[in-house]
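K.L.:
Structure in structure tokens, see below.
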Protein chains: 2
Amino acid sequence: MGENDDSEIIEHHVEEEMEKKGTRSHAPSSSSFLESVTPSDREGHSGTQSSHRLLAYSDALISIIATVMILPVAHTKLEDNEKLSESVQALLTTKIAVYLMTFLIVTVAWAAHIRLFQVIVRIDDCLALLNLACMMLITFLPYTFSLMATFPEHILGILLFCGLVMVMGVIQSVIVLYAFSRPFLLNEQIQISENQAFYKHHILKVIMRVPLMCFFASIFSFIFFQLSYVLLAIVIFLPYISQCLKWCRNKAIGQVEETPDSMLFYTYLPNEPLSKDRVEAFSDGVYAIVATLLILDICEDNVPDPLVVQKKFAGSLIAALQEYGPEYLAYFGSFATVGLLWFVHHSLFLHVTKATRFMGLLNTFSLAFVGGLPLAYQLTHEFPENSRNELEAIQISCVIIFFAGIFQLAIWVVALYNEQETLHPYVRYGGREHVFMLAKLALYPCVALGTFFLTCILSKFSAPIFHLMEITVPFAFLVLRLLVRVGLALLRLIFCPDRPDPRSVVEEEDETRVPFNALVT
Amino acid sequence: MGENDDSEIIEHHVEEEMEKKGTRSHAPSSSSFLESVTPSDREGHSGTQSSHRLLAYSDALISIIATVMILPVAHTKLEDNEKLSESVQALLTTKIAVYLMTFLIVTVAWAAHIRLFQVIVRIDDCLALLNLACMMLITFLPYTFSLMATFPEHILGILLFCGLVMVMGVIQSVIVLYAFSRPFLLNEQIQISENQAFYKHHILKVIMRVPLMCFFASIFSFIFFQLSYVLLAIVIFLPYISQCLKWCRNKAIGQVEETPDSMLFYTYLPNEPLSKDRVEAFSDGVYAIVATLLILDICEDNVPDPLVVQKKFAGSLIAALQEYGPEYLAYFGSFATVGLLWFVHHSLFLHVTKATRFMGLLNTFSLAFVGGLPLAYQLTHEFPENSRNELEAIQISCVIIFFAGIFQLAIWVVALYNEQETLHPYVRYGGREHVFMLAKLALYPCVALGTFFLTCILSKFSAPIFHLMEITVPFAFLVLRLLVRVGLALLRLIFCPDRPDPRSVVEEEDETRVPFNALVT
């Protein structure tokens, strides 16, 4: 972002110093490097200049809000003597449902926010304030879900939710109207198009669809409130379901020719990919808040009381802290897991060149499971060692980690189906990093699955061992690269011994990369 | 970030297609636009390519950790009948001190992290994992402070803290050694320099200084633990104090010629500015987490129990929720305040072209007060209306908001002292946006000060009124622009009636800006 602003300032300097014509004639020579970039990338370039930080802040807020509702789940007090499976079932019915609903609806709101700010690429003070108002309303959504879950037969939760969504719809419409009255704020593609009025009406129609459904839901809630829930569920899941169906259909009967109308139903601009840097910013936010939710609890609850230390442990602080030993281990284990899941995500998206909407959907599912990790942490350190409950807690952790990992793998698999557009040459079939990327993505699902079956076979498997395992996984990543390289070298030696070792080429390439970048950027 | 990766990929394409010589000869024509950029900006350009997301994630983690310790402060239960000033004094001595200490030490660690990754501009898997290990240790720092505050006479807290810092020092040294063994990871300036070995030793020396002091502190803790605290305080505050002193001296006796040695003492590269996008990312993180800490509490604590609703309110949910009315109002008021402080920060940094270390220091102070806002929120809704305590809670809120705002203003004032380097022409003396920026930055300190004096004069001033005031401030921002414009137009009309209205020029400039950007980037 810093550089973008800098270039804006340079631009002003340049503008003052030279005539516009001379500048324009310069342009083709400098953009000749960029011929292989698609038009939408170019737009992104000119657009992220002034709205970038607003979007980053919005992403941070939305990612925190999406994961907030795991806190009531994780803070539910479990009884030692009660069977874990029962208490988990009690949890599942309400709190986890609230968490997942919140996560999904907030993600839908986030996707709408992305769409909106792919159209509006520059902002001014007024838009920034309107956006903040929108954010304030989004942060209140989780609370309405809590109300709905606690009082399912009471219509107040539904009314509040629908009210919030309708106000947000109004604010978004105002944003669109404002932006279209100042066309220099808009996407270049719309700015130069002749039928701006058509775009405006179309975008307003798309925006108002959800508030309108909420309006009907709020009216039905007075008559027959179950119907309102059905309507709300449709609002949340319709984009997901239609995405899934479309993808399945495409894979089953081959790529059908998309009519522009059907595309326009969910996006404002046809064939527009999800903004990759916003997907990354949102994911970073979720990973960061999940990693630190654990330390929030430790800092608040696990500092012993001086009086207790004096009485119970005869003033020995070390003895008092030993009581919390399992929690520290659980914290470090969970942090390592979250950190490495982030690391895998980072490695994957480093090589993704375009994020499609279906990849975004899979990413959302992966993140929803990552958000469940604090629950796993809470469960694994809460039960006495070697109890039946402890085993089940470890199994739940494994399931959560497995799904978080498998959805990451799914992103890559989906990307491979259309690898020319979505992936960097290195990780395509036969690419230099292809095997290694597969190994990286498969590591966590494999480890989780392995641990799960171990807990089924072994009757004794304690949480400390589990957390120690979690902490040792990073070393697996380092060993992985070595193993993959040795394996590939062996394969190469056996099948084609006369080809030169590609590693020496790589080293050379790396060294020439840096000065070259300076020229391109 | 998306674009940066794209350009990396383009680069590979180009590399495959054309010879290196042809490419190099192209370069001067494309970089002729960038002549006004300083060399350090150019470095930033080529550097943020692959380490950008790692740094963004680190910033997110560090900003959350910096603000974590406000939670124990805000969650301290206050008694209604107890006098607020006494309970606040009890708080001040320990928990607020822990919060401020944590915030400052985490900021020091963050500054060290910035310095390190201004030298290492590209990363690979190994560095990413080492960095995550470093992050894990940083997240544990607040806990050691809690221990120190709760058991000030016990050396365990000091030992733990020193141990963590020493391990972090070792990891950072490994990072440096690893990066220097693969020079393509380094800053271009160091990469082309001939005495890399000198740089390596110098950087290692700077890194090991703090762990070494911690090592001495941990030894002294066995002999005379008060001395350890003094040593630790020096570690934390030395960079700040030396910064302040240097700045004051420069202002008092004029700009003295800096010897390269004295600069090198705290930075690896002389005259290097703070990375502006990292300051922004860190600030965004703090603002986002502070804004949402409030809703965390509401979602967890303010959902009424169905049984209580049945018994106490005869099944009326609305009546039950009315009990929480003040909390919702307090939440919206606080969110508006945090959001607008972010907005002012965003407006300011949009026009900052280079962030000096002193500006970074002032930003840290401003953020430390922003982090205190959850405390203000907690205080203002906890006391019965029209009590003496409520008035004092509002006064504390005003003080916190005042300082958060005044430090933002200070950043701008400091930037104005060296405006040619640090500010965009628009906001320099006499610039188009100068007066408006002043008005924006001065609004919150003025409102806070005004409210503070109002509470002194009026004996009746309730928290709901205060929160309503907070919510109405955004409109002040919108009116502000109008007022400033009208005021300036009047002044222009009186003093120089023959100059043309600059607004028409502005509109034109805005419209030509977008196509032009596409060429430059």
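Naming works like this for the structure tokens: A, B, ... for the chains as they're shown, residue 1 at the start of each chain, ligands 1 onward in shown order.
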Run DSSP on the backbone and grab whatever in region 163-258 of chain A lands in alpha helix (DSSP H); send it over as number ranges by chain.

P.N.:
A: 163-181, 188-192, 196-223, 225-253

K.L.:
Could you list, as a list in words, every residue within 7 Å of Phe145 (chain B), counting only C-alpha atoms and ignoring same-chain residues fewer than 6 positions away?

P.N.:
Val98, Thr102 and Gly157 of chain B

K.L.:
Can I get the selection written as a PDB file, in the first residue's frame, with N, CA and C atoms?

P.N.:
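Result written to again10.pdb:
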```pdb
ATOM      1  N   VAL B  98       0.586  -3.101  33.748  1.00  0.00           N
ATOM      2  CA  VAL B  98       0.885  -4.304  32.953  1.00  0.00           C
ATOM      3  C   VAL B  98       0.503  -4.073  31.504  1.00  0.00           C
ATOM      4  N   THR B 102       3.182  -4.096  28.557  1.00  0.00           N
ATOM      5  CA  THR B 102       3.035  -5.063  27.469  1.00  0.00           C
ATOM      6  C   THR B 102       3.003  -4.350  26.136  1.00  0.00           C
ATOM      7  N   GLY B 157       8.844 -14.630  37.221  1.00  0.00           N
ATOM      8  CA  GLY B 157       8.366 -13.818  36.102  1.00  0.00           C
ATOM      9  C   GLY B 157       9.527 -13.246  35.300  1.00  0.00           C
TER      10      GLY B 157
END
```

K.L.:
Point out the residue among B:Asp301, B:Glu390, B:Glu470, B:Glu433 with the least atom-to-atom distance to chain A, counting only C-alpha atoms.

P.N.:
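With only C-alpha atoms as the atom set, the closest residue is B:Asp301.
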
K.L.:
Suppose you want the space between CA of Phe161 (chain B) and CA of Thr144 (chain B); what is it in Å?

P.N.:
5.7 Å

K.L.:
Tell me which of A:Arg492, A:His467, A:Lys205, A:Lys354 sits closest to chain B, counting only C-alpha atoms.

P.N.:
A:Lys354

K.L.:
May I have the residues within 10 Å of Gln310 (chain A) as a PyMOL selection string, using only C-alpha atoms and disregarding those fewer than 6 positions away in the same chain?

P.N.:
chain A and resi 316-317+320

K.L.:
Just write the chosen residues, all heavy atoms, as a PDB file, in the first residue's frame.

P.N.:
```pdb
ATOM      1  N   SER A 316       5.150 -21.383  47.076  1.00  0.00           N
ATOM      2  CA  SER A 316       5.951 -21.809  45.928  1.00  0.00           C
ATOM      3  C   SER A 316       5.197 -21.539  44.626  1.00  0.00           C
ATOM      4  O   SER A 316       4.228 -22.230  44.301  1.00  0.00           O
ATOM      5  CB  SER A 316       6.275 -23.300  46.045  1.00  0.00           C
ATOM      6  OG  SER A 316       6.705 -23.779  44.801  1.00  0.00           O
ATOM      7  N   LEU A 317       5.659 -20.516  43.908  1.00  0.00           N
ATOM      8  CA  LEU A 317       4.984 -20.124  42.673  1.00  0.00           C
ATOM      9  C   LEU A 317       5.121 -21.214  41.607  1.00  0.00           C
ATOM     10  O   LEU A 317       4.205 -21.477  40.836  1.00  0.00           O
ATOM     11  CB  LEU A 317       5.574 -18.809  42.169  1.00  0.00           C
ATOM     12  CG  LEU A 317       4.932 -18.186  40.929  1.00  0.00           C
ATOM     13  CD1 LEU A 317       3.452 -17.963  41.131  1.00  0.00           C
ATOM     14  CD2 LEU A 317       5.616 -16.876  40.580  1.00  0.00           C
ATOM     15  N   ALA A 320       2.618 -23.818  42.012  1.00  0.00           N
ATOM     16  CA  ALA A 320       1.297 -23.329  41.604  1.00  0.00           C
ATOM     17  C   ALA A 320       1.166 -23.329  40.088  1.00  0.00           C
ATOM     18  O   ALA A 320       0.115 -23.671  39.543  1.00  0.00           O
ATOM     19  CB  ALA A 320       1.066 -21.922  42.159  1.00  0.00           C
TER      20      ALA A 320
END
```

K.L.:
Separation of CA of Gln191 (chain A) and CA of Arg122 (chain A), in Å?

P.N.:
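Taking CA of Gln191 (chain A) as the start and CA of Arg122 (chain A) as the end point, the length is 11.9 Å.
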